[in-house]
>>> print(open('target08.csv').read())   # CSV, N, CA and C atoms and all ligand atoms
chain,number,residue,atom,x,y,z
A,1,MET,N,143.4,109.0,17.6
A,1,MET,CA,142.4,109.3,16.6
A,1,MET,C,141.8,110.7,16.8
A,2,THR,N,141.6,111.3,15.8
A,2,THR,CA,141.1,112.7,15.8
A,2,THR,C,139.6,112.6,16.0
A,3,THR,N,139.1,113.3,17.0
A,3,THR,CA,137.6,113.4,17.2
A,3,THR,C,137.2,114.8,16.9
A,4,CYS,N,136.0,114.9,16.4
A,4,CYS,CA,135.4,116.3,16.2
A,4,CYS,C,135.2,117.0,17.5
A,5,ASN,N,135.3,118.3,17.5
A,5,ASN,CA,135.1,119.1,18.7
A,5,ASN,C,133.8,118.6,19.5
A,6,CYS,N,132.8,118.2,18.7
A,6,CYS,CA,131.5,117.9,19.3
A,6,CYS,C,131.5,116.6,20.1
A,7,GLY,N,132.6,115.9,20.0
A,7,GLY,CA,132.7,114.6,20.8
A,7,GLY,C,132.5,113.4,20.0
A,8,ASN,N,132.0,113.5,18.8
A,8,ASN,CA,131.9,112.3,17.9
A,8,ASN,C,133.2,111.8,17.5
A,9,GLU,N,133.4,110.5,17.4
A,9,GLU,CA,134.6,109.9,17.1
A,9,GLU,C,134.8,109.9,15.6
A,10,LYS,N,134.7,111.0,15.0
A,10,LYS,CA,134.9,111.2,13.6
A,10,LYS,C,135.7,112.5,13.5
A,11,SER,N,136.4,112.7,12.3
A,11,SER,CA,137.2,113.9,12.1
A,11,SER,C,136.1,115.1,11.9
A,12,TYR,N,136.6,116.3,12.1
A,12,TYR,CA,135.7,117.4,11.8
A,12,TYR,C,135.2,117.4,10.4
A,13,THR,N,136.1,117.0,9.5
A,13,THR,CA,135.7,116.9,8.1
A,13,THR,C,134.5,116.0,7.8
A,14,ALA,N,134.5,114.9,8.6
A,14,ALA,CA,133.5,113.8,8.4
A,14,ALA,C,132.3,114.1,9.3
A,15,CYS,N,132.4,115.1,10.1
A,15,CYS,CA,131.3,115.3,11.1
A,15,CYS,C,130.7,116.8,10.9
A,16,CYS,N,131.0,117.7,11.8
A,16,CYS,CA,130.3,119.0,11.8
A,16,CYS,C,130.7,119.8,10.5
A,17,GLU,N,131.8,119.6,9.9
A,17,GLU,CA,132.1,120.4,8.7
A,17,GLU,C,131.0,120.2,7.6
A,18,ILE,N,130.5,119.0,7.5
A,18,ILE,CA,129.5,118.8,6.5
A,18,ILE,C,128.3,119.7,6.8
A,19,ILE,N,127.9,119.8,8.0
A,19,ILE,CA,126.8,120.7,8.4
A,19,ILE,C,127.2,122.2,8.3
A,20,HIS,N,128.4,122.5,8.7
A,20,HIS,CA,128.8,123.9,8.5
A,20,HIS,C,128.7,124.4,7.1
A,21,ASN,N,129.0,123.4,6.2
A,21,ASN,CA,129.0,123.8,4.7
A,21,ASN,C,127.6,123.8,4.2
A,22,ASP,N,126.7,123.0,4.8
A,22,ASP,CA,125.3,122.9,4.3
A,22,ASP,C,124.4,122.5,5.4
A,23,ILE,N,123.8,123.5,6.0
A,23,ILE,CA,123.0,123.4,7.2
A,23,ILE,C,121.9,122.4,7.1
A,24,THR,N,121.4,122.2,5.8
A,24,THR,CA,120.3,121.2,5.6
A,24,THR,C,120.8,119.8,5.9
A,25,LYS,N,122.1,119.6,6.1
A,25,LYS,CA,122.6,118.2,6.4
A,25,LYS,C,122.4,117.8,7.8
A,26,ALA,N,122.0,118.7,8.7
A,26,ALA,CA,121.7,118.4,10.1
A,26,ALA,C,120.3,117.7,10.1
A,27,GLN,N,120.2,116.4,10.2
A,27,GLN,CA,118.9,115.8,10.1
A,27,GLN,C,118.2,115.8,11.5
A,28,THR,N,118.9,116.0,12.5
A,28,THR,CA,118.2,116.0,13.9
A,28,THR,C,118.6,117.2,14.6
A,29,ALA,N,117.8,117.6,15.6
A,29,ALA,CA,118.2,118.7,16.5
A,29,ALA,C,119.5,118.5,17.2
A,30,VAL,N,119.8,117.2,17.6
A,30,VAL,CA,121.1,117.0,18.3
A,30,VAL,C,122.2,117.3,17.3
A,31,GLN,N,122.1,116.9,16.0
A,31,GLN,CA,123.2,117.1,15.1
A,31,GLN,C,123.4,118.7,15.0
A,32,LEU,N,122.3,119.4,14.9
A,32,LEU,CA,122.5,120.9,14.8
A,32,LEU,C,123.1,121.4,16.1
A,33,MET,N,122.7,120.9,17.3
A,33,MET,CA,123.3,121.3,18.5
A,33,MET,C,124.8,121.0,18.5
A,34,ARG,N,125.2,119.8,18.1
A,34,ARG,CA,126.6,119.5,18.1
A,34,ARG,C,127.4,120.4,17.1
A,35,SER,N,126.7,120.7,16.0
A,35,SER,CA,127.4,121.6,15.0
A,35,SER,C,127.6,123.0,15.5
A,36,ARG,N,126.6,123.5,16.4
A,36,ARG,CA,126.8,124.8,17.0
A,36,ARG,C,127.8,124.8,18.0
A,37,TYR,N,127.9,123.7,18.8
A,37,TYR,CA,129.0,123.7,19.8
A,37,TYR,C,130.4,123.7,19.1
A,38,THR,N,130.5,123.0,18.0
A,38,THR,CA,131.8,123.0,17.3
A,38,THR,C,132.0,124.3,16.7
A,39,ALA,N,131.0,125.0,16.3
A,39,ALA,CA,131.1,126.4,15.8
A,39,ALA,C,131.6,127.3,16.9
A,40,PHE,N,131.2,127.1,18.1
A,40,PHE,CA,131.7,127.9,19.2
A,40,PHE,C,133.2,127.6,19.4
A,41,CYS,N,133.6,126.3,19.3
A,41,CYS,CA,135.0,125.9,19.4
A,41,CYS,C,135.9,126.6,18.4
A,42,ARG,N,135.3,126.7,17.2
A,42,ARG,CA,136.0,127.3,16.0
A,42,ARG,C,135.8,128.8,15.9
A,43,ALA,N,135.0,129.4,16.8
A,43,ALA,CA,134.6,130.8,16.7
A,43,ALA,C,134.1,131.2,15.3
A,44,ASP,N,133.1,130.3,14.9
A,44,ASP,CA,132.5,130.5,13.6
A,44,ASP,C,131.2,131.3,13.7
A,45,GLY,N,131.3,132.6,13.8
A,45,GLY,CA,130.2,133.5,14.0
A,45,GLY,C,129.1,133.4,13.0
A,46,ALA,N,129.5,133.3,11.7
A,46,ALA,CA,128.6,133.3,10.6
A,46,ALA,C,127.7,132.1,10.7
A,47,TYR,N,128.3,130.9,11.1
A,47,TYR,CA,127.4,129.7,11.2
A,47,TYR,C,126.5,129.9,12.5
A,48,LEU,N,127.0,130.4,13.6
A,48,LEU,CA,126.2,130.6,14.8
A,48,LEU,C,125.0,131.4,14.5
A,49,ALA,N,125.2,132.5,13.7
A,49,ALA,CA,124.1,133.3,13.4
A,49,ALA,C,123.1,132.6,12.4
A,50,LYS,N,123.6,132.0,11.4
A,50,LYS,CA,122.8,131.3,10.4
A,50,LYS,C,122.0,130.2,11.0
A,51,SER,N,122.5,129.5,12.1
A,51,SER,CA,121.8,128.4,12.7
A,51,SER,C,120.9,128.7,13.8
A,52,GLN,N,120.6,130.0,13.9
A,52,GLN,CA,119.6,130.4,14.9
A,52,GLN,C,118.4,131.0,14.3
A,53,ALA,N,117.2,130.7,14.9
A,53,ALA,CA,116.0,131.1,14.3
A,53,ALA,C,116.0,132.6,14.0
A,54,GLU,N,115.3,133.0,12.9
A,54,GLU,CA,115.4,134.4,12.5
A,54,GLU,C,114.9,135.4,13.6
A,55,LYS,N,113.9,135.0,14.3
A,55,LYS,CA,113.4,136.0,15.3
A,55,LYS,C,114.3,136.1,16.5
A,56,PHE,N,115.2,135.2,16.7
A,56,PHE,CA,116.2,135.3,17.8
A,56,PHE,C,117.6,135.5,17.3
A,57,ARG,N,117.8,135.7,16.0
A,57,ARG,CA,119.1,135.8,15.4
A,57,ARG,C,119.9,137.0,16.0
A,58,PRO,N,121.1,136.8,16.4
A,58,PRO,CA,121.9,137.9,17.0
A,58,PRO,C,122.3,138.9,16.0
A,59,THR,N,122.4,140.2,16.4
A,59,THR,CA,122.9,141.2,15.6
A,59,THR,C,124.4,141.0,15.2
A,60,VAL,N,124.9,141.7,14.3
A,60,VAL,CA,126.3,141.6,13.9
A,60,VAL,C,127.2,141.9,15.1
A,61,LEU,N,126.8,142.9,15.9
A,61,LEU,CA,127.6,143.3,17.1
A,61,LEU,C,127.5,142.2,18.1
A,62,GLU,N,126.3,141.6,18.4
A,62,GLU,CA,126.2,140.5,19.3
A,62,GLU,C,127.0,139.3,18.9
A,63,THR,N,127.0,139.1,17.6
A,63,THR,CA,127.8,137.9,17.1
A,63,THR,C,129.3,138.2,17.3
A,64,GLU,N,129.7,139.4,17.1
A,64,GLU,CA,131.1,139.7,17.3
A,64,GLU,C,131.5,139.5,18.7
A,65,GLU,N,130.6,139.9,19.6
A,65,GLU,CA,130.9,139.8,21.1
A,65,GLU,C,131.0,138.3,21.4
A,66,THR,N,130.1,137.5,20.9
A,66,THR,CA,130.1,136.1,21.1
A,66,THR,C,131.4,135.4,20.6
A,67,ILE,N,131.8,135.9,19.5
A,67,ILE,CA,133.0,135.3,18.9
A,67,ILE,C,134.3,135.7,19.7
A,68,GLN,N,134.3,136.9,20.2
A,68,GLN,CA,135.4,137.3,21.0
A,68,GLN,C,135.5,136.5,22.3
A,69,TRP,N,134.3,136.3,22.9
A,69,TRP,CA,134.2,135.4,24.1
A,69,TRP,C,134.6,134.0,23.8
A,70,ALA,N,134.0,133.4,22.7
A,70,ALA,CA,134.3,132.1,22.3
A,70,ALA,C,135.8,131.8,22.1
A,71,LYS,N,136.5,132.8,21.6
A,71,LYS,CA,137.9,132.7,21.3
A,71,LYS,C,138.7,132.8,22.6
A,72,SER,N,138.1,133.5,23.6
A,72,SER,CA,138.9,133.7,24.9
A,72,SER,C,138.8,132.5,25.8
A,73,VAL,N,138.0,131.5,25.5
A,73,VAL,CA,137.9,130.4,26.4
A,73,VAL,C,138.4,129.1,25.7
A,74,THR,N,138.8,128.1,26.5
A,74,THR,CA,139.2,126.8,26.0
A,74,THR,C,138.1,125.9,26.2
A,75,TRP,N,137.5,125.4,25.1
A,75,TRP,CA,136.4,124.5,25.2
A,75,TRP,C,136.9,123.1,25.5
A,76,VAL,N,136.2,122.4,26.5
A,76,VAL,CA,136.6,121.1,26.9
A,76,VAL,C,135.7,120.0,26.3
A,77,LYS,N,134.4,120.1,26.6
A,77,LYS,CA,133.6,119.0,26.0
A,77,LYS,C,132.1,119.4,26.0
A,78,LEU,N,131.4,118.7,25.2
A,78,LEU,CA,129.9,118.8,25.1
A,78,LEU,C,129.3,117.5,25.6
A,79,GLU,N,128.3,117.6,26.4
A,79,GLU,CA,127.6,116.4,26.8
A,79,GLU,C,126.1,116.6,26.5
A,80,ILE,N,125.5,115.7,25.9
A,80,ILE,CA,124.1,115.7,25.6
A,80,ILE,C,123.4,115.0,26.8
A,81,LEU,N,122.6,115.7,27.5
A,81,LEU,CA,122.0,115.1,28.7
A,81,LEU,C,120.6,114.5,28.4
A,82,GLU,N,119.8,115.1,27.6
A,82,GLU,CA,118.5,114.7,27.4
A,82,GLU,C,118.0,115.3,26.1
A,83,THR,N,117.1,114.5,25.4
A,83,THR,CA,116.5,115.1,24.2
A,83,THR,C,115.0,114.7,24.2
A,84,SER,N,114.2,115.5,23.5
A,84,SER,CA,112.9,115.1,23.2
A,84,SER,C,112.5,115.5,21.8
A,85,ASP,N,111.9,114.6,21.1
A,85,ASP,CA,111.6,114.8,19.6
A,85,ASP,C,112.8,115.3,18.9
A,86,GLY,N,112.7,116.2,17.9
A,86,GLY,CA,113.9,116.7,17.2
A,86,GLY,C,114.5,115.7,16.2
A,87,LEU,N,113.7,114.6,15.9
A,87,LEU,CA,114.1,113.7,14.9
A,87,LEU,C,113.7,114.1,13.5
A,88,GLU,N,114.2,113.4,12.5
A,88,GLU,CA,113.9,113.8,11.1
A,88,GLU,C,112.5,114.1,10.8
A,89,LYS,N,111.6,113.3,11.4
A,89,LYS,CA,110.1,113.5,11.1
A,89,LYS,C,109.5,114.7,11.9
A,90,ASP,N,110.2,115.2,12.9
A,90,ASP,CA,109.7,116.2,13.7
A,90,ASP,C,109.9,117.6,13.2
A,91,SER,N,109.2,118.6,13.7
A,91,SER,CA,109.4,120.0,13.3
A,91,SER,C,109.9,120.8,14.5
A,92,ARG,N,109.9,120.2,15.7
A,92,ARG,CA,110.5,120.9,16.8
A,92,ARG,C,111.1,119.8,17.8
A,93,GLY,N,111.9,120.3,18.7
A,93,GLY,CA,112.5,119.3,19.7
A,93,GLY,C,113.3,120.1,20.7
A,94,THR,N,113.7,119.4,21.7
A,94,THR,CA,114.6,120.0,22.7
A,94,THR,C,115.8,119.2,22.9
A,95,VAL,N,116.9,119.9,23.3
A,95,VAL,CA,118.1,119.2,23.6
A,95,VAL,C,118.6,119.8,24.9
A,96,THR,N,118.8,119.0,25.9
A,96,THR,CA,119.5,119.6,27.1
A,96,THR,C,120.9,119.2,27.1
A,97,PHE,N,121.8,120.2,27.2
A,97,PHE,CA,123.2,119.9,27.1
A,97,PHE,C,124.0,120.6,28.2
A,98,LYS,N,125.2,120.1,28.3
A,98,LYS,CA,126.2,120.7,29.2
A,98,LYS,C,127.5,120.9,28.4
A,99,ALA,N,128.0,122.2,28.4
A,99,ALA,CA,129.2,122.5,27.7
A,99,ALA,C,130.2,123.0,28.8
A,100,THR,N,131.4,122.4,28.7
A,100,THR,CA,132.4,122.7,29.7
A,100,THR,C,133.6,123.5,29.1
A,101,TYR,N,134.0,124.5,29.7
A,101,TYR,CA,135.1,125.3,29.2
A,101,TYR,C,136.0,125.8,30.3
A,102,PHE,N,137.1,126.3,30.0
A,102,PHE,CA,138.0,127.0,31.0
A,102,PHE,C,138.2,128.5,30.5
A,103,ASP,N,138.1,129.4,31.4
A,103,ASP,CA,138.5,130.8,31.1
A,103,ASP,C,139.4,131.2,32.2
A,104,ALA,N,139.7,132.5,32.2
A,104,ALA,CA,140.7,133.0,33.1
A,104,ALA,C,140.3,132.7,34.6
A,105,GLY,N,139.0,132.6,34.8
A,105,GLY,CA,138.5,132.4,36.1
A,105,GLY,C,138.4,130.9,36.5
A,106,GLY,N,138.8,130.0,35.6
A,106,GLY,CA,138.7,128.6,36.0
A,106,GLY,C,137.7,127.9,35.1
A,107,MET,N,137.1,126.8,35.6
A,107,MET,CA,136.2,126.0,34.8
A,107,MET,C,134.8,126.6,34.8
A,108,GLY,N,134.2,126.7,33.6
A,108,GLY,CA,132.8,127.2,33.5
A,108,GLY,C,132.0,126.1,32.8
A,109,ILE,N,130.7,126.1,33.2
A,109,ILE,CA,129.8,125.2,32.6
A,109,ILE,C,128.5,125.9,32.1
A,110,ILE,N,128.1,125.6,30.9
A,110,ILE,CA,126.9,126.1,30.4
A,110,ILE,C,125.9,124.9,30.3
A,111,GLU,N,124.8,125.0,31.0
A,111,GLU,CA,123.9,123.9,31.0
A,111,GLU,C,122.5,124.6,30.5
A,112,GLU,N,122.0,124.0,29.5
A,112,GLU,CA,120.7,124.7,29.0
A,112,GLU,C,119.8,123.6,28.3
A,113,LYS,N,118.5,123.8,28.5
A,113,LYS,CA,117.6,123.1,27.7
A,113,LYS,C,117.2,124.0,26.5
A,114,SER,N,117.6,123.6,25.3
A,114,SER,CA,117.4,124.4,24.2
A,114,SER,C,116.3,123.9,23.3
A,115,LEU,N,115.6,124.9,22.7
A,115,LEU,CA,114.5,124.6,21.8
A,115,LEU,C,115.0,124.7,20.4
A,116,PHE,N,114.7,123.7,19.6
A,116,PHE,CA,115.1,123.7,18.2
A,116,PHE,C,113.8,123.6,17.3
A,117,GLU,N,113.8,124.2,16.2
A,117,GLU,CA,112.6,124.1,15.3
A,117,GLU,C,113.2,124.0,13.9
A,118,LYS,N,112.3,123.5,13.0
A,118,LYS,CA,112.7,123.6,11.6
A,118,LYS,C,112.2,124.9,11.0
A,119,GLU,N,113.1,125.6,10.3
A,119,GLU,CA,112.8,126.9,9.7
A,119,GLU,C,113.4,126.8,8.3
A,120,ASN,N,112.6,127.2,7.3
A,120,ASN,CA,113.0,127.1,5.9
A,120,ASN,C,113.5,125.7,5.6
A,121,GLY,N,112.9,124.7,6.2
A,121,GLY,CA,113.2,123.3,5.8
A,121,GLY,C,114.4,122.7,6.5
A,122,HIS,N,115.0,123.4,7.5
A,122,HIS,CA,116.1,122.8,8.2
A,122,HIS,C,116.1,123.2,9.7
A,123,TRP,N,116.8,122.5,10.5
A,123,TRP,CA,116.8,122.7,11.9
A,123,TRP,C,117.6,124.0,12.2
A,124,VAL,N,117.0,124.8,13.2
A,124,VAL,CA,117.7,125.9,13.7
A,124,VAL,C,117.5,125.9,15.3
A,125,TYR,N,118.5,126.6,15.9
A,125,TYR,CA,118.3,126.8,17.4
A,125,TYR,C,117.4,128.0,17.6
A,126,VAL,N,116.4,127.8,18.5
A,126,VAL,CA,115.5,129.0,18.7
A,126,VAL,C,116.1,129.7,19.9
A,127,THR,N,116.0,129.1,21.1
A,127,THR,CA,116.4,129.8,22.3
A,127,THR,C,116.5,128.8,23.5
A,128,GLY,N,117.0,129.2,24.6
A,128,GLY,CA,117.0,128.4,25.8
A,128,GLY,C,115.6,128.5,26.4
A,129,ILE,N,115.2,127.4,27.0
A,129,ILE,CA,113.8,127.4,27.6
A,129,ILE,C,113.9,127.0,29.1
B,201,ZN,ZN,131.0,117.1,15.1
>>> encode(input="target08.csv", output="structure tokens")
Amino acid sequence: MTTCNCGNEKSYTACCEIIHNDITKAQTAVQLMRSRYTAFCRADGAYLAKSQAEKFRPTVLETEETIQWAKSVTWVKLEILETSDGLEKDSRGTVTFKATYFDAGGMGIIEEKSLFEKENGHWVYVTGI
């Protein structure tokens, strides 16, 4: 069975693609987090920029660097370790995650507690806290 990059047992089409096409479809901070991980896997810089809060939004150059890096690694998995708030009724929340990848140097892990907020009526990633 095909699973989405984010680890959900659904195809990309039935999972993160829906959010990549319409960011307002992410009803929770975790859904937005998963869609961003999948965007890293697919090196989708436009979505990564769009899904970050305006005040922390990367520049075009920074996005390009992120994409080059994202393409250079092999993404293994995303694990959601802990969440607080970030549900439909909330306007902010946190998601602690662990993303595993391989690069030329071996296995790498990104572990971060991320802050998410609603901006213009939908969830966005703000920054690591
Ligand atoms: Zn997904």
>>> residues_around(input="target08.csv", residues="Ile67 in chain A", least_positions_apart="3", cutoff="6 Å", atoms="only C-alpha atoms", output="list in words")
Ala43, Gly45, Glu64 and Ala70 of chain A
>>> residues_near_ligand(input="target08.csv", ligand="ligand ZN 201 (chain B)", cutoff="12 Å", atoms="only C-alpha atoms and all ligand atoms", output="ChimeraX atom specification")
/A:2-20,26,30-42,77-78
>>> atom_distance(input="target08.csv", atom1="CA of Lys71 in chain A", atom2="CA of Ala104 in chain A")
12.1 Å
>>> residues_around(input="target08.csv", residues="Asp103 in chain A", least_positions_apart="6", cutoff="7 Å", atoms="only C-alpha atoms", output="list of chain:residue names")
A:Ser72, A:Val73, A:Thr74
>>> select_by_dssp(input="target08.csv", residues="chain A", states="strand (DSSP E)", output="MDAnalysis selection string")
chainID A and resid 74:85 92:103 106:119 122:128
>>> closest_residue(input="target08.csv", among="A:Ile110, A:Leu81, A:Ile23, A:Thr100", to="Lys50 in chain A", atoms="all atoms listed in the file")
A:Ile23
>>> atom_distance(input="target08.csv", atom1="CA of Glu117 in chain A", atom2="atom N of Phe102 in chain A")
28.7 Å
>>> atom_distance(input="target08.csv", atom1="CA of Ala46 in chain A", atom2="atom C of Asp90 in chain A")
24.6 Å
>>> residues_around(input="target08.csv", residues="Leu115 in chain A", least_positions_apart="6", cutoff="8 Å", atoms="only C-alpha atoms", output="list in words")
Arg92, Gly93, Thr94, Val95, Tyr125, Val126, Thr127, Gly128 and Ile129 of chain A
>>> write_last_selection(input="target08.csv", atoms="N, CA and C atoms", output="short mmCIF file (atom, residue, chain, number, x, y, z; two decimals), keeping the file's coordinate frame")
data_model
loop_
_atom_site.label_atom_id
_atom_site.label_comp_id
_atom_site.auth_asym_id
_atom_site.auth_seq_id
_atom_site.Cartn_x
_atom_site.Cartn_y
_atom_site.Cartn_z
N ARG A 92 109.90 120.20 15.70
CA ARG A 92 110.50 120.90 16.80
C ARG A 92 111.10 119.80 17.80
N GLY A 93 111.90 120.30 18.70
CA GLY A 93 112.50 119.30 19.70
C GLY A 93 113.30 120.10 20.70
N THR A 94 113.70 119.40 21.70
CA THR A 94 114.60 120.00 22.70
C THR A 94 115.80 119.20 22.90
N VAL A 95 116.90 119.90 23.30
CA VAL A 95 118.10 119.20 23.60
C VAL A 95 118.60 119.80 24.90
N TYR A 125 118.50 126.60 15.90
CA TYR A 125 118.30 126.80 17.40
C TYR A 125 117.40 128.00 17.60
N VAL A 126 116.40 127.80 18.50
CA VAL A 126 115.50 129.00 18.70
C VAL A 126 116.10 129.70 19.90
N THR A 127 116.00 129.10 21.10
CA THR A 127 116.40 129.80 22.30
C THR A 127 116.50 128.80 23.50
N GLY A 128 117.00 129.20 24.60
CA GLY A 128 117.00 128.40 25.80
C GLY A 128 115.60 128.50 26.40
N ILE A 129 115.20 127.40 27.00
CA ILE A 129 113.80 127.40 27.60
C ILE A 129 113.90 127.00 29.10
#
>>> residues_around(input="target08.csv", residues="Glu82 in chain A", least_positions_apart="2", cutoff="12 Å", atoms="only C-alpha atoms", output="MDAnalysis selection string")
chainID A and resid 29:30 79:80 84:86 93:98 111:114
>>> axis_aligned_box(input="target08.csv", around="range 13-25 of chain A", padding_each_side="3 Å", output="JSON")
{"center_x": 128.2, "center_y": 119.1, "center_z": 8.0, "size_x": 21.8, "size_y": 16.6, "size_z": 13.6}
